[in-house]
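A.B. asks: Please find query_35.cif (mmCIF, C-alpha atoms and all ligand atoms) on the next line:
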data_final
loop_
_atom_site.label_atom_id
_atom_site.label_comp_id
_atom_site.auth_asym_id
_atom_site.auth_seq_id
_atom_site.Cartn_x
_atom_site.Cartn_y
_atom_site.Cartn_z
CA MET A 12 140.73 -48.81 129.44
CA LYS A 13 143.06 -51.76 129.18
CA LEU A 14 141.86 -53.38 132.40
CA ASP A 15 138.98 -55.76 131.86
CA GLY A 16 135.63 -54.46 133.14
CA ILE A 17 133.60 -56.63 135.49
CA LEU A 18 131.35 -58.24 132.89
CA PRO A 19 134.12 -58.93 130.34
CA TYR A 20 136.28 -60.39 133.10
CA THR A 21 133.41 -62.63 134.21
CA ARG A 22 133.36 -64.13 130.74
CA ILE A 23 137.15 -64.45 130.58
CA LEU A 24 137.07 -66.50 133.79
CA LEU A 25 134.26 -68.72 132.50
CA GLU A 26 136.01 -69.21 129.16
CA LYS A 27 139.14 -70.39 130.98
CA ALA A 28 137.18 -73.16 132.67
CA ILE A 29 134.46 -74.15 130.18
CA ASN A 30 135.06 -75.81 126.83
CA SER A 31 133.05 -77.52 124.14
CA GLY A 32 131.17 -80.55 125.45
CA ASP A 33 131.20 -79.35 129.08
CA ILE A 34 128.42 -78.96 131.65
CA ALA A 35 127.73 -75.48 133.07
CA ILE A 36 125.16 -73.80 135.32
CA ASP A 37 123.52 -70.38 135.25
CA CYS A 38 122.29 -69.90 138.82
CA THR A 39 120.38 -66.67 138.06
CA ALA A 40 118.93 -66.86 134.55
CA GLY A 41 117.28 -63.40 134.53
CA ASN A 42 117.02 -62.13 130.96
CA GLY A 43 119.05 -65.06 129.67
CA HIS A 44 122.26 -63.36 128.60
CA ASP A 45 124.51 -65.65 130.65
CA THR A 46 122.55 -68.77 129.75
CA SER A 47 122.98 -67.87 126.09
CA PHE A 48 126.71 -67.25 126.57
CA LEU A 49 127.16 -70.57 128.36
CA ALA A 50 125.10 -72.48 125.80
CA ASN A 51 127.29 -71.12 123.00
CA ARG A 52 130.39 -71.97 125.00
CA VAL A 53 129.49 -75.62 125.74
CA GLY A 54 128.55 -76.27 122.12
CA GLU A 55 126.13 -78.86 120.80
CA ASN A 56 127.60 -81.70 122.86
CA GLY A 57 127.57 -79.83 126.16
CA HIS A 58 124.72 -78.82 128.43
CA VAL A 59 123.60 -75.87 130.56
CA TYR A 60 121.30 -75.98 133.59
CA SER A 61 119.66 -72.68 134.33
CA PHE A 62 117.70 -71.54 137.41
CA ASP A 63 115.44 -68.65 138.31
CA ILE A 64 112.62 -68.18 140.81
CA GLN A 65 110.71 -65.78 138.54
CA LYS A 66 108.44 -67.09 135.81
CA THR A 67 109.09 -63.99 133.73
CA ALA A 68 112.86 -64.68 133.83
CA ILE A 69 112.35 -68.27 132.71
CA GLU A 70 110.11 -67.05 129.87
CA LYS A 71 112.61 -64.39 128.77
CA THR A 72 115.50 -66.83 128.89
CA THR A 73 113.52 -69.45 126.97
CA LYS A 74 112.63 -66.91 124.29
CA ARG A 75 116.24 -65.78 123.93
CA ILE A 76 117.72 -69.23 123.59
CA ARG A 77 114.90 -70.45 121.34
CA GLU A 78 115.58 -67.56 118.95
CA GLN A 79 119.25 -68.57 118.95
CA GLU A 80 118.33 -72.24 118.37
CA LEU A 81 120.08 -73.24 121.60
CA LEU A 82 117.07 -74.69 123.43
CA ASN A 83 118.18 -78.30 123.02
CA ARG A 84 121.37 -77.72 125.03
CA VAL A 85 119.68 -75.96 127.96
CA THR A 86 117.45 -77.24 130.78
CA LEU A 87 115.60 -74.49 132.62
CA PHE A 88 114.36 -74.84 136.18
CA HIS A 89 111.74 -72.48 137.56
CA LYS A 90 113.25 -73.07 140.99
CA SER A 91 115.65 -71.56 143.48
CA HIS A 92 119.32 -72.31 142.94
CA ASP A 93 119.43 -73.84 146.42
CA GLN A 94 117.62 -76.82 144.83
CA LEU A 95 120.66 -77.55 142.64
CA THR A 96 121.52 -80.96 144.00
CA LYS A 97 117.93 -82.16 143.63
CA CYS A 98 117.66 -80.85 140.07
CA ILE A 99 120.98 -81.66 138.35
CA PRO A 100 121.02 -85.28 137.12
CA ALA A 101 123.34 -87.48 139.18
CA HIS A 102 125.49 -88.38 136.17
CA HIS A 103 126.38 -84.70 135.68
CA GLN A 104 127.17 -83.96 139.33
CA GLY A 105 130.94 -83.85 139.78
CA MET A 106 131.35 -82.80 136.13
CA ILE A 107 130.40 -79.12 136.42
CA LYS A 108 133.09 -76.91 134.84
CA GLY A 109 131.57 -73.50 135.43
CA ALA A 110 128.74 -71.69 137.17
CA ILE A 111 127.68 -68.06 137.19
CA PHE A 112 125.65 -66.00 139.65
CA ASN A 113 124.60 -62.50 138.72
CA LEU A 114 123.23 -61.47 142.08
CA GLY A 115 120.57 -58.87 142.81
CA TYR A 116 117.33 -58.13 140.95
CA LEU A 117 116.13 -58.76 137.41
CA PRO A 118 117.04 -55.75 135.23
CA GLY A 119 113.76 -54.23 134.04
CA GLY A 120 111.84 -56.36 136.56
CA ASP A 121 110.64 -56.22 140.16
CA LYS A 122 113.45 -54.69 142.25
CA GLU A 123 111.97 -56.22 145.41
CA ILE A 124 112.74 -59.76 144.21
CA VAL A 125 116.43 -60.22 144.89
CA THR A 126 118.87 -63.01 145.59
CA THR A 127 119.34 -63.63 149.32
CA PRO A 128 122.37 -64.70 151.39
CA HIS A 129 120.79 -67.89 152.69
CA SER A 130 119.98 -69.46 149.32
CA THR A 131 123.07 -68.03 147.62
CA LEU A 132 125.42 -69.57 150.22
CA SER A 133 123.54 -72.86 150.15
CA ALA A 134 123.87 -72.98 146.35
CA ILE A 135 127.60 -72.18 146.50
CA GLU A 136 128.16 -74.95 149.03
CA GLN A 137 126.32 -77.45 146.83
CA LEU A 138 128.23 -76.28 143.77
CA ILE A 139 131.65 -76.68 145.35
CA GLU A 140 130.77 -80.34 145.85
CA MET A 141 129.57 -80.65 142.25
CA LEU A 142 132.48 -78.93 140.51
CA ASP A 143 135.07 -80.90 138.62
CA VAL A 144 138.67 -80.09 139.61
CA GLY A 145 139.56 -76.86 137.78
CA GLY A 146 135.89 -75.88 137.65
CA ILE A 147 134.95 -72.34 138.64
CA ILE A 148 132.05 -70.49 140.29
CA VAL A 149 131.87 -66.81 139.33
CA LEU A 150 129.72 -64.48 141.41
CA VAL A 151 129.01 -60.95 140.24
CA ILE A 152 128.03 -59.06 143.37
CA TYR A 153 125.75 -56.03 143.10
CA HIS A 154 125.59 -54.26 146.44
CA GLY A 155 124.11 -50.86 145.59
CA HIS A 156 120.63 -51.92 146.80
CA ASP A 157 119.74 -52.42 150.50
CA GLN A 158 119.66 -56.23 150.52
CA GLY A 159 122.81 -56.32 148.41
CA LYS A 160 124.96 -55.01 151.26
CA PHE A 161 124.05 -57.98 153.47
CA GLU A 162 124.54 -60.44 150.65
CA LYS A 163 127.93 -58.95 149.77
CA GLU A 164 129.14 -59.29 153.36
CA ALA A 165 127.83 -62.85 153.68
CA VAL A 166 129.39 -64.03 150.40
CA VAL A 167 132.77 -62.39 151.02
CA ARG A 168 132.91 -63.69 154.61
CA TYR A 169 132.04 -67.19 153.44
CA ALA A 170 134.50 -67.16 150.52
CA GLU A 171 137.38 -65.84 152.64
CA GLN A 172 137.25 -68.81 154.98
CA LEU A 173 137.23 -71.52 152.29
CA ASN A 174 140.09 -73.98 152.66
CA GLN A 175 142.97 -72.88 150.44
CA GLU A 176 144.04 -76.48 149.92
CA LYS A 177 140.69 -77.12 148.23
CA THR A 178 139.87 -73.83 146.51
CA HIS A 179 141.48 -70.76 145.01
CA VAL A 180 139.36 -67.69 145.80
CA LEU A 181 139.67 -64.43 143.87
CA LYS A 182 138.16 -60.99 144.40
CA TYR A 183 138.27 -58.65 141.40
CA GLU A 184 137.16 -55.12 142.20
CA PHE A 185 137.66 -51.54 141.06
CA ILE A 186 138.31 -49.80 144.35
CA ASN A 187 138.21 -46.14 143.28
CA GLN A 188 134.81 -46.12 141.56
CA LYS A 189 131.75 -44.33 142.94
CA ASN A 190 128.25 -45.70 143.60
CA ASN A 191 129.07 -49.21 144.82
CA PRO A 192 130.11 -50.79 141.52
CA PRO A 193 129.70 -54.56 141.17
CA PHE A 194 132.67 -56.82 141.79
CA ILE A 195 133.58 -60.46 141.25
CA VAL A 196 134.24 -63.28 143.67
CA ALA A 197 135.46 -66.41 141.88
CA ILE A 198 135.98 -69.82 143.47
CA GLU A 199 138.07 -72.42 141.64
CA LYS A 200 138.09 -76.01 142.85
CA ARG A 201 141.60 -77.46 143.27
N1 LIG B 301 122.20 -63.38 134.57
C1 LIG B 301 120.99 -62.64 134.22
C2 LIG B 301 121.04 -62.22 132.77
O1 LIG B 301 121.95 -62.65 132.04
O2 LIG B 301 120.14 -61.50 132.33
C3 LIG B 301 120.69 -61.54 135.19
C4 LIG B 301 120.34 -62.06 136.57
S1 LIG B 301 119.51 -60.90 137.60
C5 LIG B 301 120.78 -59.81 138.09
C6 LIG B 301 119.21 -61.84 139.09
C7 LIG B 301 118.16 -62.91 138.92
O3 LIG B 301 118.25 -63.79 140.05
C8 LIG B 301 116.72 -62.43 138.87
O4 LIG B 301 116.11 -62.80 137.67
C9 LIG B 301 116.07 -63.13 140.07
O5 LIG B 301 114.75 -63.55 139.83
C10 LIG B 301 116.98 -64.32 140.26
N2 LIG B 301 116.91 -64.95 141.57
C11 LIG B 301 116.68 -64.38 142.79
N3 LIG B 301 116.73 -65.31 143.77
C12 LIG B 301 116.99 -66.51 143.16
C13 LIG B 301 117.13 -67.85 143.62
N4 LIG B 301 117.05 -68.14 144.92
N5 LIG B 301 117.37 -68.82 142.71
C14 LIG B 301 117.47 -68.52 141.38
N6 LIG B 301 117.34 -67.28 140.88
C15 LIG B 301 117.10 -66.28 141.75
#
Please express what this file holds, its structure, as C-alpha cells.
Ligand code: SAM
C.D. replies:
Amino acid sequence: MKLDGILPYTRILLEKAINSGDIAIDCTAGNGHDTSFLANRVGENGHVYSFDIQKTAIEKTTKRIREQELLNRVTLFHKSHDQLTKCIPAHHQGMIKGAIFNLGYLPGGDKEIVTTPHSTLSAIEQLIEMLDVGGIIVLVIYHGHDQGKFEKEAVVRYAEQLNQEKTHVLKYEFINQKNNPPFIVAIEKR
C-alpha cells in the first residue's frame, strides 16, 4: 500500500510540526510508545510532558523511556489530561509544537478504563490555547468499543466547528475498511 496507514501518518504529522529542542505532549501515555517517539523527536534540548490516569501506564512508560535513556527529557504526570494547564510550567505554555492523543483503552490493560468525551474535549481546548502557531494536535480515534462511538461523535462535532481563521482541521480516514478502523483528526493552530 502506498497510502500511509493511520499510525505512520500520525507520526508524519507530528514530524512536520516537532523539531529538535521543541516541547511536546503525550496526552495518553499508555505503554509509552508515543512518549518514546516524541522524546526522540525533541532531542536532548527539548522536553515531553506525558499524562495518564493509570498507574500501570505511567510505570510502563517510565520503564520504556528509562531503558532508552530518555528519562531526563520527559516529565510524567499520573493525572488526567484535563489538568494540562495546571501541570505544564507557565514558561512552556504557548510553546507547544505537538500533542498526541491515542484515545480508547490501554492495549493489554483494563478495557473498562477509557478516555471520555468530557476530559478529552477539555484537554483539546486547553491545548489549542497552549500551542505555538504551526503547532499540531493529533487525535487517533478508536471507536470500535461502546464508549468510543460517543467520543468519536463528540470530538468530530467539536473539531468541525473550530474557527477556520484560527485552525486548520483535518480528518484522515479509510472509508472502505471493515470493523470501525481508527482514524485521525488533526488540529493545526494558524
Ligand atoms: N499512546 C499509548 C502508547 O503509545 O502505548 C496508548 C494509549 S491507550 C490507547 C489510551 C490511554 O489513555 C490509556 O492508557 C488510558 O489509561 C489513558 N487515559 C484514559 N483517560 C485518560 C485521561 N483522562 N487522561 C490521561 N490519560 C487517559
A.B. asks: The residues within 8 Å of (129.0, -76.7, 138.6), using all atoms listed in the file and the coordinates of the file, should be reported as number ranges by chain; which are they?
C.D. replies: A: 34-36, 104-110, 138-139, 141-143, 146-148
A.B. asks: Give me the stretch 49-154 of chain A side of the contact with stretch 169-173 of chain A, cut-off 12 Å, one line per residue showing its nearest atom pair and distance in Å at one decimal, counting only C-alpha atoms, sorted by chain and residue number, as a tab-separated table.
C.D. replies:
residue	atom	partner	partner_atom	distance
A:Pro128	CA	A:Tyr169	CA	10.2
A:His129	CA	A:Tyr169	CA	11.3
A:Thr131	CA	A:Tyr169	CA	10.7
A:Leu132	CA	A:Tyr169	CA	7.7
A:Ser133	CA	A:Tyr169	CA	10.7
A:Ile135	CA	A:Ala170	CA	9.4
A:Glu136	CA	A:Tyr169	CA	9.7
A:Ile139	CA	A:Leu173	CA	10.3
A:Ile148	CA	A:Ala170	CA	11.0
A:Val149	CA	A:Ala170	CA	11.5
A:Leu150	CA	A:Ala170	CA	10.6
A.B. asks: For A:Phe194, work out the shell of residues within 6 Å, counting all atoms listed in the file and skipping chain neighbours fewer than 3 positions away, then give it as a PyMOL selection string.
C.D. replies: chain A and resi 151-152+183-184
A.B. asks: Compare A:Gly57, A:Pro19, A:Pro100, A:Gly115 by their minimum atom-to-atom distance to ligand LIG 301 (chain B), counting all atoms listed in the file, and give me the closest one.
C.D. replies: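 Among A:Gly57, A:Pro19, A:Pro100, A:Gly115, it is A:Gly115 that comes nearest to ligand LIG 301 (chain B).
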A.B. asks: Which one of A:Lys90, A:Lys74, A:Arg168, A:Lys27 sits closest to ligand LIG 301 (chain B) if you count all atoms listed in the file?
C.D. replies: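 Using all atoms listed in the file, ligand LIG 301 (chain B) sits closest to A:Lys90.
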A.B. asks: Quick one: of A:Arg22, A:Asn191, A:Gly119, A:Met12, who's nearest to A:Gly155, counting only C-alpha atoms?
C.D. replies: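 Looking only at the distances to A:Gly155, the closest residue turns out to be A:Asn191.
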A.B. asks: Taking 4 positions as the minimum chain separation for residues in the same chain, which residues sit within 9 Å of A:Val59 when counting all atoms listed in the file? Answer as number ranges by chain.
C.D. replies: A: 33-37, 46, 49-50, 53, 84-87
A.B. asks: Show me which residues are within 7 Å of ligand LIG 301 (chain B) counting all atoms listed in the file, and format the list as a ChimeraX atom specification.
C.D. replies: /A:38-46,62-65,68,90-93,112-118,124-127,130-131
A.B. asks: Go ahead and compute the interatomic distance for atom CA of A:Asn190 and atom CA of A:Lys163, in Å to one decimal.
C.D. replies: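 The value is 14.6 Å.
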A.B. asks: For A:Phe88, which of A:Tyr153, A:Phe161, A:Tyr60, A:Phe185 is the closest residue, counting all atoms listed in the file?
C.D. replies: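 Closest to A:Phe88 of all the choices is A:Tyr60.
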A.B. asks: From the list A:Ala134, A:Lys189, A:Asn174, A:Lys122, which residue is nearest A:His156 when using all atoms listed in the file?
C.D. replies: A:Lys122
